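The file start36.cif comes next; it holds mmCIF, C-alpha atoms.
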```cif
data_structure
loop_
_atom_site.label_atom_id
_atom_site.label_comp_id
_atom_site.auth_asym_id
_atom_site.auth_seq_id
_atom_site.Cartn_x
_atom_site.Cartn_y
_atom_site.Cartn_z
CA MET N 1 85.98 -41.62 164.17
CA LYS N 2 88.83 -39.20 163.56
CA ASP N 3 91.44 -39.06 166.29
CA GLU N 4 90.96 -35.28 166.62
CA LEU N 5 87.24 -35.69 167.23
CA ARG N 6 87.78 -38.56 169.65
CA ALA N 7 90.19 -36.38 171.66
CA ARG N 8 87.53 -33.68 172.02
CA LEU N 9 84.87 -36.07 173.30
CA ARG N 10 84.67 -36.95 176.98
CA LEU N 11 84.31 -40.69 176.43
CA PRO N 12 83.92 -43.39 179.09
CA PRO N 13 86.59 -46.11 179.27
CA PRO N 14 86.50 -48.93 176.69
CA GLY N 15 84.23 -51.81 177.62
CA ALA N 16 81.86 -49.68 179.67
CA ARG N 17 78.10 -50.23 179.72
CA VAL N 18 76.56 -46.93 178.55
CA LEU N 19 72.90 -45.90 178.54
CA CYS N 20 72.45 -43.02 176.10
CA ALA N 21 69.58 -40.57 176.72
CA VAL N 22 67.98 -40.05 173.30
CA SER N 23 65.21 -37.53 172.63
CA GLY N 24 65.42 -37.89 168.85
CA GLY N 25 66.82 -34.39 168.39
CA ALA N 26 70.07 -33.54 166.65
CA ASP N 27 72.28 -33.56 169.73
CA SER N 28 71.16 -36.90 171.16
CA MET N 29 71.11 -38.63 167.76
CA CYS N 30 74.68 -37.45 167.20
CA LEU N 31 75.71 -38.76 170.62
CA LEU N 32 74.16 -42.16 169.96
CA ALA N 33 75.89 -42.36 166.55
CA LEU N 34 79.31 -41.35 167.90
CA LEU N 35 79.14 -43.80 170.80
CA GLY N 36 78.11 -46.52 168.37
CA GLU N 37 81.06 -45.76 166.06
CA THR N 38 83.67 -46.64 168.65
CA GLY N 39 82.42 -50.22 169.00
CA ASP N 40 83.93 -50.28 172.51
CA TYR N 41 80.73 -50.11 174.57
CA THR N 42 77.69 -52.11 175.52
CA LEU N 43 75.30 -49.43 174.30
CA ALA N 44 71.57 -48.86 174.70
CA ALA N 45 69.21 -45.92 174.23
CA ALA N 46 66.68 -44.55 176.71
CA HIS N 47 63.81 -42.31 175.59
CA PHE N 48 61.45 -40.49 177.99
CA GLU N 49 58.08 -39.60 176.45
CA HIS N 50 56.80 -36.76 178.64
CA GLY N 51 53.42 -36.11 177.08
CA ILE N 52 53.98 -32.36 176.80
CA ARG N 53 53.63 -32.02 173.02
CA GLY N 54 50.84 -34.52 172.32
CA ALA N 55 51.12 -36.21 168.93
CA GLU N 56 54.55 -34.70 168.30
CA SER N 57 55.85 -36.26 171.51
CA LEU N 58 54.55 -39.68 170.41
CA ARG N 59 56.14 -39.11 166.99
CA ASP N 60 59.52 -38.54 168.61
CA CYS N 61 59.17 -41.72 170.64
CA ALA N 62 58.30 -43.80 167.55
CA PHE N 63 61.20 -42.24 165.64
CA VAL N 64 63.73 -43.20 168.32
CA GLU N 65 62.38 -46.75 168.57
CA ASP N 66 62.46 -47.19 164.78
CA ARG N 67 65.99 -45.83 164.48
CA CYS N 68 67.25 -48.11 167.26
CA ARG N 69 65.66 -51.11 165.57
CA GLU N 70 67.38 -50.20 162.29
CA THR N 71 70.79 -49.84 163.95
CA GLY N 72 70.47 -52.81 166.33
CA VAL N 73 70.58 -50.75 169.53
CA ALA N 74 68.41 -51.77 172.48
CA CYS N 75 65.89 -49.06 173.38
CA PHE N 76 64.12 -48.49 176.70
CA VAL N 77 61.12 -46.15 176.78
CA GLY N 78 59.44 -44.39 179.69
CA HIS N 79 56.17 -42.47 179.70
CA ALA N 80 54.69 -39.86 182.05
CA GLU N 81 51.95 -37.25 181.98
CA VAL N 82 54.26 -34.41 182.97
CA PRO N 83 51.67 -31.57 182.63
CA ARG N 84 49.28 -33.34 185.03
CA ILE N 85 52.02 -34.25 187.51
CA ALA N 86 53.37 -30.67 187.45
CA ARG N 87 49.89 -29.31 188.24
CA GLU N 88 49.41 -31.78 191.09
CA ARG N 89 52.79 -30.84 192.57
CA GLY N 90 52.34 -27.12 191.98
CA ALA N 91 55.71 -27.19 190.23
CA GLY N 92 57.02 -25.84 186.92
CA LEU N 93 56.64 -27.88 183.75
CA GLU N 94 60.35 -27.84 182.83
CA GLU N 95 61.43 -28.63 186.39
CA THR N 96 59.01 -31.57 186.64
CA ALA N 97 59.98 -32.94 183.22
CA ARG N 98 63.67 -32.80 184.11
CA GLU N 99 63.15 -34.50 187.48
CA LEU N 100 61.03 -37.31 186.01
CA ARG N 101 63.38 -37.79 183.05
CA TYR N 102 66.44 -38.22 185.25
CA ALA N 103 64.54 -40.52 187.62
CA PHE N 104 63.63 -42.69 184.60
CA LEU N 105 67.25 -42.74 183.39
CA GLU N 106 68.60 -43.65 186.83
CA ARG N 107 65.97 -46.36 187.31
CA THR N 108 66.63 -47.87 183.88
CA ALA N 109 70.39 -47.84 184.44
CA ASP N 110 69.89 -49.59 187.79
CA GLU N 111 67.55 -52.23 186.40
CA GLN N 112 69.64 -52.96 183.30
CA GLY N 113 73.08 -52.71 184.91
CA PHE N 114 74.54 -49.70 183.08
CA GLU N 115 77.58 -48.00 184.60
CA TYR N 116 77.12 -44.68 182.78
CA ILE N 117 74.26 -42.49 181.63
CA ALA N 118 75.33 -40.32 178.68
CA THR N 119 73.41 -37.11 177.98
CA ALA N 120 73.82 -34.90 174.92
CA HIS N 121 74.57 -31.52 176.49
CA THR N 122 76.69 -29.36 174.19
CA ALA N 123 78.88 -26.27 174.41
CA ASP N 124 75.81 -24.25 173.41
CA ASP N 125 73.79 -25.69 176.29
CA ASN N 126 76.64 -24.87 178.66
CA ALA N 127 76.83 -21.25 177.46
CA GLU N 128 73.05 -20.82 177.77
CA THR N 129 73.10 -22.25 181.30
CA VAL N 130 75.84 -19.83 182.36
CA LEU N 131 73.88 -16.87 180.96
CA LEU N 132 70.69 -17.98 182.72
CA ASN N 133 72.54 -18.40 186.02
CA LEU N 134 74.16 -15.00 185.55
CA ALA N 135 70.77 -13.35 184.94
CA ARG N 136 69.33 -14.92 188.11
CA GLY N 137 72.35 -14.09 190.24
CA THR N 138 74.96 -16.70 191.02
CA GLY N 139 78.43 -17.40 192.37
CA LEU N 140 81.32 -19.46 191.06
CA ARG N 141 79.35 -22.69 191.16
CA GLY N 142 76.65 -21.30 188.86
CA LEU N 143 79.20 -19.71 186.54
CA GLY N 144 80.92 -23.10 186.34
CA GLY N 145 78.07 -24.17 184.07
CA ILE N 146 77.21 -27.80 183.33
CA PRO N 147 79.73 -30.23 184.87
CA PRO N 148 81.23 -32.79 182.47
CA ARG N 149 80.27 -35.49 184.95
CA ARG N 150 77.85 -35.84 187.85
CA GLY N 151 77.95 -39.25 189.44
CA ARG N 152 77.51 -41.75 186.63
CA ILE N 153 75.99 -39.12 184.34
CA ILE N 154 78.52 -38.15 181.66
CA ARG N 155 78.32 -35.49 178.95
CA PRO N 156 80.62 -36.50 176.06
CA LEU N 157 79.51 -33.66 173.72
CA LEU N 158 80.18 -30.77 176.08
CA GLY N 159 83.19 -29.66 174.03
CA LEU N 160 81.26 -29.54 170.73
CA THR N 161 79.04 -26.72 169.48
CA ARG N 162 75.60 -27.28 167.98
CA ALA N 163 76.93 -26.24 164.56
CA GLU N 164 79.65 -28.89 164.75
CA ILE N 165 77.08 -31.51 165.73
CA GLU N 166 74.85 -30.65 162.76
CA GLU N 167 77.87 -31.04 160.47
CA LEU N 168 78.66 -34.45 161.99
CA LEU N 169 75.07 -35.56 161.36
CA ARG N 170 75.26 -34.45 157.72
CA GLU N 171 78.55 -36.28 157.19
CA ARG N 172 77.11 -39.50 158.60
CA GLY N 173 73.62 -39.20 157.17
CA VAL N 174 72.05 -39.57 160.61
CA PRO N 175 68.40 -38.41 160.74
CA HIS N 176 66.79 -36.53 163.62
CA VAL N 177 63.51 -34.82 164.53
CA GLU N 178 62.87 -31.20 165.48
CA ASP N 179 61.10 -30.13 168.67
CA SER N 180 58.61 -27.40 167.74
CA THR N 181 58.91 -25.81 171.20
CA ASN N 182 62.51 -24.88 170.35
CA ASP N 183 61.09 -22.06 168.21
CA SER N 184 58.96 -20.61 171.01
CA ASP N 185 60.25 -17.76 173.14
CA ALA N 186 57.85 -18.73 175.93
CA TYR N 187 60.80 -20.48 177.58
CA SER N 188 63.67 -18.49 179.14
CA ARG N 189 66.34 -20.71 177.60
CA ASN N 190 64.90 -20.16 174.11
CA ARG N 191 64.94 -16.38 174.58
CA VAL N 192 68.59 -16.57 175.55
CA ARG N 193 69.31 -18.88 172.59
CA HIS N 194 67.51 -16.72 170.02
CA THR N 195 68.42 -13.24 171.25
CA VAL N 196 71.32 -13.05 173.69
CA VAL N 197 73.68 -15.67 172.26
CA PRO N 198 73.55 -14.33 168.66
CA ALA N 199 74.41 -10.85 169.92
CA LEU N 200 77.38 -12.18 171.89
CA ARG N 201 78.45 -14.30 168.93
CA GLU N 202 78.72 -11.11 166.89
CA LEU N 203 81.30 -9.89 169.42
CA ASN N 204 83.09 -13.25 169.51
CA PRO N 205 82.32 -15.90 166.86
CA ALA N 206 83.80 -18.53 169.20
CA PHE N 207 81.62 -17.41 172.11
CA GLU N 208 80.44 -20.90 173.16
CA LYS N 209 83.97 -22.33 173.19
CA SER N 210 85.24 -19.33 175.14
CA VAL N 211 82.55 -19.92 177.75
CA GLY N 212 83.59 -23.58 177.88
CA ARG N 213 87.18 -22.60 178.72
CA MET N 214 85.93 -20.14 181.33
CA THR N 215 83.69 -22.68 183.08
CA GLU N 216 86.49 -25.21 183.28
CA LEU N 217 88.76 -22.65 184.97
CA LEU N 218 86.01 -21.52 187.35
CA ARG N 219 85.22 -25.09 188.39
CA ARG N 220 88.89 -25.49 189.34
CA ASP N 221 88.77 -22.28 191.39
CA GLU N 222 85.57 -23.41 193.11
CA ASP N 223 87.16 -26.75 194.04
CA CYS N 224 90.19 -24.94 195.50
CA LEU N 225 88.14 -22.50 197.60
CA ASP N 226 85.92 -25.33 198.76
CA ALA N 227 88.96 -27.29 199.95
CA LEU N 228 90.29 -24.26 201.88
CA ALA N 229 86.95 -23.89 203.66
CA GLU N 230 86.89 -27.59 204.54
CA ASP N 231 90.41 -27.35 205.96
CA PHE N 232 89.48 -24.35 208.15
CA ILE N 233 86.45 -26.18 209.54
CA ALA N 234 88.53 -29.28 210.30
CA ARG N 235 91.05 -27.18 212.25
CA HIS N 236 88.76 -24.73 214.07
CA PHE N 237 85.20 -26.05 214.45
CA ASP N 238 84.61 -27.63 217.87
CA ALA N 239 81.25 -29.22 217.07
CA GLU N 240 79.24 -26.12 217.95
CA SER N 241 81.30 -22.95 217.41
CA LEU N 242 84.08 -21.17 215.51
CA PRO N 243 86.54 -18.46 216.58
CA ALA N 244 85.22 -15.25 214.99
CA ARG N 245 88.61 -13.53 214.67
CA GLU N 246 90.14 -16.42 212.74
CA LEU N 247 87.04 -16.66 210.56
CA LEU N 248 87.19 -12.96 209.68
CA SER N 249 90.92 -13.18 208.95
CA LEU N 250 90.15 -15.41 205.98
CA HIS N 251 89.55 -14.00 202.54
CA GLU N 252 85.79 -13.44 202.21
CA ALA N 253 85.68 -15.96 199.37
CA VAL N 254 86.71 -18.60 201.94
CA SER N 255 84.92 -17.30 205.06
CA SER N 256 81.59 -17.18 203.23
CA ARG N 257 82.05 -20.81 202.18
CA VAL N 258 82.89 -21.82 205.75
CA VAL N 259 79.63 -20.30 206.98
CA ARG N 260 77.64 -21.80 204.11
CA LYS N 261 78.91 -25.28 204.94
CA LEU N 262 77.88 -24.96 208.59
CA LEU N 263 74.42 -23.54 207.93
CA PRO N 264 71.38 -25.57 206.88
CA ARG N 265 71.50 -26.14 203.14
CA GLY N 266 70.09 -23.45 200.90
CA ALA N 267 71.30 -20.40 202.84
CA SER N 268 71.31 -17.27 200.67
CA GLY N 269 74.20 -14.87 200.11
CA GLU N 270 72.40 -12.21 202.16
CA GLN N 271 72.02 -14.62 205.09
CA ILE N 272 75.70 -15.57 204.98
CA GLU N 273 76.70 -11.89 204.94
CA ALA N 274 74.44 -11.29 207.95
CA VAL N 275 76.34 -14.00 209.85
CA LEU N 276 79.73 -12.45 209.00
CA THR N 277 78.42 -9.02 210.03
CA LEU N 278 77.39 -10.54 213.37
CA CYS N 279 80.99 -11.70 213.86
CA ARG N 280 82.30 -8.16 213.31
CA GLY N 281 80.43 -6.85 216.35
CA THR N 282 81.84 -6.30 219.82
CA GLU N 283 78.83 -7.36 221.90
CA ARG N 284 76.75 -10.48 222.22
CA GLY N 285 74.28 -10.86 219.34
CA PHE N 286 72.00 -13.28 217.51
CA ALA N 287 71.04 -14.07 213.93
CA ASP N 288 67.88 -16.05 213.21
CA LEU N 289 67.90 -17.95 209.92
CA PRO N 290 65.52 -20.60 208.59
CA GLY N 291 66.41 -23.80 210.45
CA ALA N 292 69.12 -22.26 212.62
CA ARG N 293 69.83 -19.65 215.30
CA LEU N 294 73.38 -18.32 215.55
CA ARG N 295 74.89 -16.60 218.57
CA PHE N 296 78.03 -14.44 218.76
CA GLU N 297 79.52 -14.34 222.25
CA ARG N 298 83.00 -13.82 223.69
CA GLY N 299 84.69 -13.98 220.32
CA ARG N 300 83.02 -17.16 219.12
CA LEU N 301 80.20 -17.88 216.67
CA TYR N 302 77.83 -20.60 217.89
CA PHE N 303 75.66 -22.70 215.57
CA ASN N 304 72.41 -24.24 216.82
CA ALA N 305 69.78 -26.16 214.86
CA GLY N 306 66.13 -25.20 214.62
CA ALA N 307 63.95 -27.37 216.85
CA ASP N 308 61.87 -28.64 213.94
CA ALA N 309 64.78 -29.61 211.67
CA GLU N 310 64.83 -33.40 211.38
CA ILE N 311 64.39 -36.21 208.87
CA GLU N 312 61.07 -37.99 209.18
CA GLU N 313 61.19 -41.76 208.80
CA ALA N 314 60.65 -43.00 205.26
CA ALA N 315 60.98 -46.31 203.42
CA LEU N 316 63.98 -46.74 201.12
CA ARG N 317 63.48 -49.23 198.29
CA PRO N 318 66.23 -50.49 195.95
CA GLY N 319 66.06 -48.84 192.54
CA GLU N 320 64.11 -45.84 193.81
CA THR N 321 65.04 -42.24 194.58
CA LEU N 322 64.10 -40.67 197.93
CA THR N 323 64.20 -36.92 198.53
CA LEU N 324 64.80 -35.66 202.09
CA PRO N 325 63.66 -31.99 201.99
CA ALA N 326 64.61 -31.17 205.60
CA ALA N 327 68.18 -32.32 205.03
CA GLY N 328 68.49 -31.04 201.46
CA LEU N 329 69.52 -34.49 200.27
CA VAL N 330 68.54 -37.03 197.64
CA ILE N 331 69.23 -40.74 198.23
CA ARG N 332 69.44 -43.10 195.25
CA THR N 333 69.81 -46.86 195.49
CA ARG N 334 70.69 -49.53 192.96
CA ILE N 335 71.67 -53.16 192.95
CA GLU N 336 75.01 -54.08 191.34
CA ALA N 337 76.56 -57.37 190.35
CA PRO N 338 79.43 -58.76 192.48
CA ASP N 339 82.71 -56.83 192.18
CA ALA N 340 81.13 -54.07 190.05
CA GLU N 341 83.36 -51.02 189.68
CA ILE N 342 81.60 -48.11 191.39
CA HIS N 343 82.05 -44.67 189.82
CA SER N 344 80.39 -41.64 191.37
CA ALA N 345 80.95 -38.02 192.33
CA PHE N 346 78.24 -38.41 194.97
CA LYS N 347 78.94 -39.81 198.41
CA THR N 348 78.70 -43.49 197.51
CA TYR N 349 78.38 -46.45 199.88
CA PRO N 350 78.35 -50.06 198.59
CA LEU N 351 76.66 -52.52 200.97
CA LYS N 352 76.39 -56.31 200.96
CA TYR N 353 72.92 -56.80 199.49
CA GLU N 354 72.25 -60.16 201.20
CA SER N 355 73.00 -58.63 204.63
CA ILE N 356 69.91 -56.37 204.47
CA ASN N 357 67.23 -57.84 206.72
CA GLY N 358 63.71 -56.87 205.71
CA ARG N 359 62.45 -53.33 205.24
CA LEU N 360 65.01 -50.54 204.77
CA THR N 361 64.19 -47.12 206.27
CA VAL N 362 65.88 -43.77 206.83
CA SER N 363 65.41 -41.03 209.44
CA SER N 364 67.32 -38.72 211.78
CA PRO N 365 69.50 -40.30 214.50
CA ARG N 366 67.67 -41.62 217.57
CA GLU N 367 68.66 -40.99 221.16
CA GLY N 368 71.13 -43.58 222.45
CA GLU N 369 71.64 -45.35 219.13
CA ARG N 370 74.84 -47.31 218.61
CA TYR N 371 76.34 -49.52 215.94
CA ARG N 372 79.58 -51.20 214.87
CA PRO N 373 81.10 -49.26 211.93
CA ALA N 374 83.13 -51.36 209.52
CA GLY N 375 86.86 -51.12 210.22
CA ARG N 376 86.48 -49.77 213.77
CA GLY N 377 86.56 -53.11 215.59
CA CYS N 378 84.18 -51.83 218.28
CA THR N 379 80.61 -50.66 218.85
CA LYS N 380 80.17 -46.89 219.23
CA THR N 381 77.26 -44.63 220.10
CA LEU N 382 76.26 -42.15 217.42
CA ARG N 383 76.75 -39.44 220.02
CA SER N 384 80.43 -40.33 220.47
CA LEU N 385 80.97 -40.60 216.71
CA PHE N 386 79.48 -37.15 216.14
CA ALA N 387 81.64 -35.79 218.97
CA GLU N 388 84.76 -37.16 217.25
CA ARG N 389 83.64 -35.44 214.06
CA LYS N 390 82.95 -32.16 215.92
CA ALA N 391 79.56 -32.06 214.23
CA ALA N 392 77.21 -29.12 214.74
CA GLN N 393 73.85 -29.84 216.36
CA PHE N 394 71.95 -29.29 213.10
CA GLU N 395 74.31 -31.69 211.31
CA LYS N 396 73.52 -34.39 213.86
CA ARG N 397 69.78 -33.92 213.39
CA LEU N 398 70.01 -33.84 209.60
CA THR N 399 72.30 -36.84 209.10
CA PRO N 400 70.34 -39.70 207.48
CA VAL N 401 70.57 -43.01 209.35
CA LEU N 402 69.68 -46.10 207.29
CA ARG N 403 68.26 -49.10 209.18
CA ASP N 404 66.85 -52.51 208.42
CA GLU N 405 64.91 -54.75 210.79
CA THR N 406 68.14 -55.76 212.57
CA GLY N 407 69.42 -52.25 213.21
CA ILE N 408 71.67 -49.58 211.69
CA VAL N 409 72.91 -50.37 208.20
CA LEU N 410 74.68 -47.12 207.31
CA VAL N 411 75.43 -43.69 208.78
CA PRO N 412 76.99 -41.73 205.89
CA PRO N 413 79.76 -39.84 207.72
CA PHE N 414 80.96 -43.02 209.42
CA GLY N 415 80.21 -45.70 206.85
CA ALA N 416 78.47 -49.05 206.71
CA ALA N 417 77.79 -51.32 209.65
CA GLU N 418 80.38 -54.08 209.92
CA ARG N 419 77.75 -56.74 209.13
CA CYS N 420 76.87 -54.94 205.86
CA ALA N 421 80.41 -54.32 204.59
CA PRO N 422 80.78 -56.08 201.21
CA GLN N 423 83.43 -58.66 200.45
CA PRO N 424 84.69 -59.77 197.02
CA GLY N 425 81.97 -61.75 195.28
CA ASP N 426 79.09 -60.14 197.19
CA ARG N 427 76.16 -58.64 195.31
CA LEU N 428 76.01 -54.93 196.11
CA LEU N 429 73.34 -52.50 197.23
CA VAL N 430 74.80 -49.13 196.26
CA ILE N 431 73.63 -46.06 198.19
CA GLU N 432 74.32 -42.66 196.55
CA ILE N 433 73.69 -39.45 198.49
CA GLU N 434 73.62 -36.09 196.73
CA GLU N 435 72.91 -32.58 197.95
CA THR N 436 69.92 -31.01 196.22
CA LYS N 437 70.59 -27.91 194.15
#
```

Representation of the structure as C-alpha cells:
Amino acid sequence: MKDELRARLRLPPPGARVLCAVSGGADSMCLLALLGETGDYTLAAAHFEHGIRGAESLRDCAFVEDRCRETGVACFVGHAEVPRIARERGAGLEETARELRYAFLERTADEQGFEYIATAHTADDNAETVLLNLARGTGLRGLGGIPPRRGRIIRPLLGLTRAEIEELLRERGVPHVEDSTNDSDAYSRNRVRHTVVPALRELNPAFEKSVGRMTELLRRDEDCLDALAEDFIARHFDAESLPARELLSLHEAVSSRVVRKLLPRGASGEQIEAVLTLCRGTERGFADLPGARLRFERGRLYFNAGADAEIEEAALRPGETLTLPAAGLVIRTRIEAPDAEIHSAFKTYPLKYESINGRLTVSSPREGERYRPAGRGCTKTLRSLFAERKAAQFEKRLTPVLRDETGIVLVPPFGAAERCAPQPGDRLLVIEIEETK
C-alpha cells in the first residue's frame, strides 16, 4: 500500500483483531482488500444476509463466502428475515436492517474476540448523511456527519470518495457485486445520491471532500460547546435546580445544551426554547414536557421527573444488547480475555466475570439501596451518592442499576461494586452504555 494512501486511511493499530463488515459491494470489498494488504491484523469478514432482495441477497452472501475462501479470510455469516421483523415491529425496513446488522456485528465480535469492527463508510456516504440530516432539520451534531469512530466501530475509508475506491478496485483486480436497489429512487438516500449530489458536484467537483473537512471542524465545535455546558452544570446545578439569570447569561449555543442535558433524552429544539422562554419571565411559571415538569420560581429553574419515568427490570445476558426506552439507553455486554485492552467511546465498565453470581438484571434504583463502590473504601446508599453528584430527580429514576443474585454489580455514574472490580489476569465482562440517537 502506498504511504500516501495509508496516511489517508483511519487504520487501527498494528496487531489489532479486526472484524470487517462485508456486503460484497465495491466499498466493503475495497476495505477488506486494503486491510488485508497491511498484513498487520488478525482479520475476518462478517456478512449479514437480510433477506430483503431474495435471490440477489443470497447471491451476495455466496459471493462474499467464496471470495473469503479464495483469499484465506475467515467469514462469519448472519441471516434474518428483515421484512417480516420490520412488519412485526411496525418499524421501517432500513431502520430494522441497520439495527439487526449492527447487532449481528457486535455479537460476532464479542463471540470471536475482535477488538474492532470496520465498516466501509466513505466520503460520499458522509456527504449524503449530512444532506439528509440538513433536509430533516438538525444541529451541529447532525451536520457533523458520520463519526470516524463510535466505540469499537471504525470507518477507515471515510476520507476516500467512491470514485477513488472504484479506482483502487480496478488497480487490484478485486471483484464486487452490485446491489440493484442502489438504482431505485424509492429510498431517500438514493434520491440524494442521484439528484442532489451531482448538482452540488457541478458547483464544486471536490464536494464530498469539502463536506468531510466541514464535518471534522463541526465535530470539534460540538465537543467544545458540550464541554462548556458540562462545566456550567457542574458549577451551578444543585441536584434539582439552576439559577435562571446565570443560565440566560450564557450564549444560547451553550444554554440550550445545558437544558438539553438536564431534560429527559430526546427533547426537541422547540421544547428547549420553551424552557428558556420560561426563564425569561418575571413570575412563577411551569412547562410540561414529556417525562418532566419544569417550574420557574424566585429566579431558579426546577427540574422534576415524570411519575411514570423509570426503568423496568430486565435480564441482561452476556453477548446481548438490551435497549432501555424509558432511559434512552442501550446496554451492550461482551466477555473479554484477561488483560484485554478496552477501547470505546461509550461509557465502558469492565467487571470481573467470575464475580457475577447468577442472573444479571437491570432496573431503576430501589429505595434504600446501598453498595460498596470500588475505590471508595466504604458502603454508601445510592441516595447519598446521587446527592454528591447533585443529580436531578429524573436522572436518579433513569439511572440503570445492574444487579446479580448477591446485590449491586454496577451503577454507571459511580462505577463497579468493589467485589466486581477486575484485577490483572481476571476474565472481563465488559458493559458498554450508549445513548440512543

Just the number, please: distance in Å from CA of Ser355 (chain N) to CA of Pro318 (chain N), one decimal.
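Separating CA of Ser355 (chain N) from CA of Pro318 (chain N) is a distance of 13.7 Å.
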
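Distance-wise, CA of Ala55 (chain N) and CA of Ser180 (chain N) end up 11.6 Å apart.
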
Between CA of Tyr102 (chain N) and CA of Leu134 (chain N), what is the spacing in Å?
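For CA of Leu134 (chain N) relative to CA of Tyr102 (chain N), the distance reads 24.5 Å.
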
Kindly indicate which residue among N:Arg201, N:Arg376, N:Arg170, N:His47 lies nearest to Val64 (chain N), using all atoms listed in the file for the distances.
N:His47

Which residue of N:Cys61, N:Leu316, N:Cys75, N:Ala244 approaches Arg300 (chain N) most closely, using only C-alpha atoms:
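That would be N:Ala244, the residue with the smallest distance to Arg300 (chain N).
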
Extract, using all atoms listed in the file, all DNA, RNA and protein residues at most 9 Å from His121 (chain N), discarding same-chain residues fewer than 2 positions from it, and format them as a list in words.
Asp27, Ser28, Thr119, Ala123, Asp124, Asp125, Asn126, Ile146, Arg155, Pro156, Leu157 and Leu158 of chain N

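Compared by their closest atoms to Phe414 (chain N), and using only C-alpha atoms, the residues N:Leu398, N:Ala239, N:Leu382, N:Ala135 rank with N:Leu382 nearest.
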
Show which residues sit within 8 Å of Leu276 (chain N), as an mmCIF file with C-alpha atoms, in the coordinates of the input. Count only C-alpha atoms, and ignore same-chain residues fewer than 3 positions away.
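Resulting contents of result-v9.cif:
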```cif
data_model
loop_
_atom_site.group_PDB
_atom_site.id
_atom_site.type_symbol
_atom_site.label_atom_id
_atom_site.label_comp_id
_atom_site.auth_asym_id
_atom_site.auth_seq_id
_atom_site.Cartn_x
_atom_site.Cartn_y
_atom_site.Cartn_z
ATOM 1 C CA LEU N 248 87.190 -12.960 209.680
ATOM 2 C CA SER N 256 81.590 -17.180 203.230
ATOM 3 C CA ILE N 272 75.700 -15.570 204.980
ATOM 4 C CA GLU N 273 76.700 -11.890 204.940
ATOM 5 C CA CYS N 279 80.990 -11.700 213.860
ATOM 6 C CA ARG N 280 82.300 -8.160 213.310
#
```

Quick one: which residues end up in the PyMOL selection byres ((chain N and resi 226-230) around 8) for this structure, as a count of residues only?
12

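Here the question is which of N:Phe207, N:Tyr353, N:Phe76, N:Phe48 gets nearest to Arg98 (chain N) using all atoms listed in the file, and that residue is N:Phe48.
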
Can you work out which one of N:Val259, N:Cys30, N:Leu93, N:Ala62 has the shortest atom-to-atom distance to Tyr302 (chain N), counting all atoms listed in the file?
N:Val259

Which is closer to Gly299 (chain N) than all the others in N:Cys68, N:Leu247, N:Leu385, N:Leu203, using only C-alpha atoms?
N:Leu247

Could you list, as a ChimeraX atom specification, every residue within 12 Å of Arg10 (chain N), counting all atoms listed in the file and ignoring same-chain residues fewer than 5 positions away?
/N:5,31,34-35,118-122,147-149,153-160

How would the residues just chosen look if you wrote them out with C-alpha atoms as a PDB file, in the frame of the given file?
```pdb
ATOM      1  CA  LEU N   5      87.240 -35.690 167.230  1.00  0.00           C
ATOM      2  CA  LEU N  31      75.710 -38.760 170.620  1.00  0.00           C
ATOM      3  CA  LEU N  34      79.310 -41.350 167.900  1.00  0.00           C
ATOM      4  CA  LEU N  35      79.140 -43.800 170.800  1.00  0.00           C
ATOM      5  CA  ALA N 118      75.330 -40.320 178.680  1.00  0.00           C
ATOM      6  CA  THR N 119      73.410 -37.110 177.980  1.00  0.00           C
ATOM      7  CA  ALA N 120      73.820 -34.900 174.920  1.00  0.00           C
ATOM      8  CA  HIS N 121      74.570 -31.520 176.490  1.00  0.00           C
ATOM      9  CA  THR N 122      76.690 -29.360 174.190  1.00  0.00           C
ATOM     10  CA  PRO N 147      79.730 -30.230 184.870  1.00  0.00           C
ATOM     11  CA  PRO N 148      81.230 -32.790 182.470  1.00  0.00           C
ATOM     12  CA  ARG N 149      80.270 -35.490 184.950  1.00  0.00           C
ATOM     13  CA  ILE N 153      75.990 -39.120 184.340  1.00  0.00           C
ATOM     14  CA  ILE N 154      78.520 -38.150 181.660  1.00  0.00           C
ATOM     15  CA  ARG N 155      78.320 -35.490 178.950  1.00  0.00           C
ATOM     16  CA  PRO N 156      80.620 -36.500 176.060  1.00  0.00           C
ATOM     17  CA  LEU N 157      79.510 -33.660 173.720  1.00  0.00           C
ATOM     18  CA  LEU N 158      80.180 -30.770 176.080  1.00  0.00           C
ATOM     19  CA  GLY N 159      83.190 -29.660 174.030  1.00  0.00           C
ATOM     20  CA  LEU N 160      81.260 -29.540 170.730  1.00  0.00           C
TER      21      LEU N 160
END
```

Explicit residues for the PyMOL selection byres ((chain N and resi 177) around 8) (as a PyMOL selection string):
chain N and resi 24-26+60+63+175-176+178-179

Contacts of region 357-374 of chain N at 8 Å (only C-alpha atoms; same-chain gap of 3+ positions) as a ChimeraX atom specification
/N:310-317,354,377-383,396-408,414-419,421

For those residues, write C-alpha atoms to a file as a short mmCIF file (atom, residue, chain, number, x, y, z; two decimals), keeping the file's coordinate frame.
```cif
data_model
loop_
_atom_site.label_atom_id
_atom_site.label_comp_id
_atom_site.auth_asym_id
_atom_site.auth_seq_id
_atom_site.Cartn_x
_atom_site.Cartn_y
_atom_site.Cartn_z
CA GLU N 310 64.83 -33.40 211.38
CA ILE N 311 64.39 -36.21 208.87
CA GLU N 312 61.07 -37.99 209.18
CA GLU N 313 61.19 -41.76 208.80
CA ALA N 314 60.65 -43.00 205.26
CA ALA N 315 60.98 -46.31 203.42
CA LEU N 316 63.98 -46.74 201.12
CA ARG N 317 63.48 -49.23 198.29
CA GLU N 354 72.25 -60.16 201.20
CA GLY N 377 86.56 -53.11 215.59
CA CYS N 378 84.18 -51.83 218.28
CA THR N 379 80.61 -50.66 218.85
CA LYS N 380 80.17 -46.89 219.23
CA THR N 381 77.26 -44.63 220.10
CA LEU N 382 76.26 -42.15 217.42
CA ARG N 383 76.75 -39.44 220.02
CA LYS N 396 73.52 -34.39 213.86
CA ARG N 397 69.78 -33.92 213.39
CA LEU N 398 70.01 -33.84 209.60
CA THR N 399 72.30 -36.84 209.10
CA PRO N 400 70.34 -39.70 207.48
CA VAL N 401 70.57 -43.01 209.35
CA LEU N 402 69.68 -46.10 207.29
CA ARG N 403 68.26 -49.10 209.18
CA ASP N 404 66.85 -52.51 208.42
CA GLU N 405 64.91 -54.75 210.79
CA THR N 406 68.14 -55.76 212.57
CA GLY N 407 69.42 -52.25 213.21
CA ILE N 408 71.67 -49.58 211.69
CA PHE N 414 80.96 -43.02 209.42
CA GLY N 415 80.21 -45.70 206.85
CA ALA N 416 78.47 -49.05 206.71
CA ALA N 417 77.79 -51.32 209.65
CA GLU N 418 80.38 -54.08 209.92
CA ARG N 419 77.75 -56.74 209.13
CA ALA N 421 80.41 -54.32 204.59
#
```
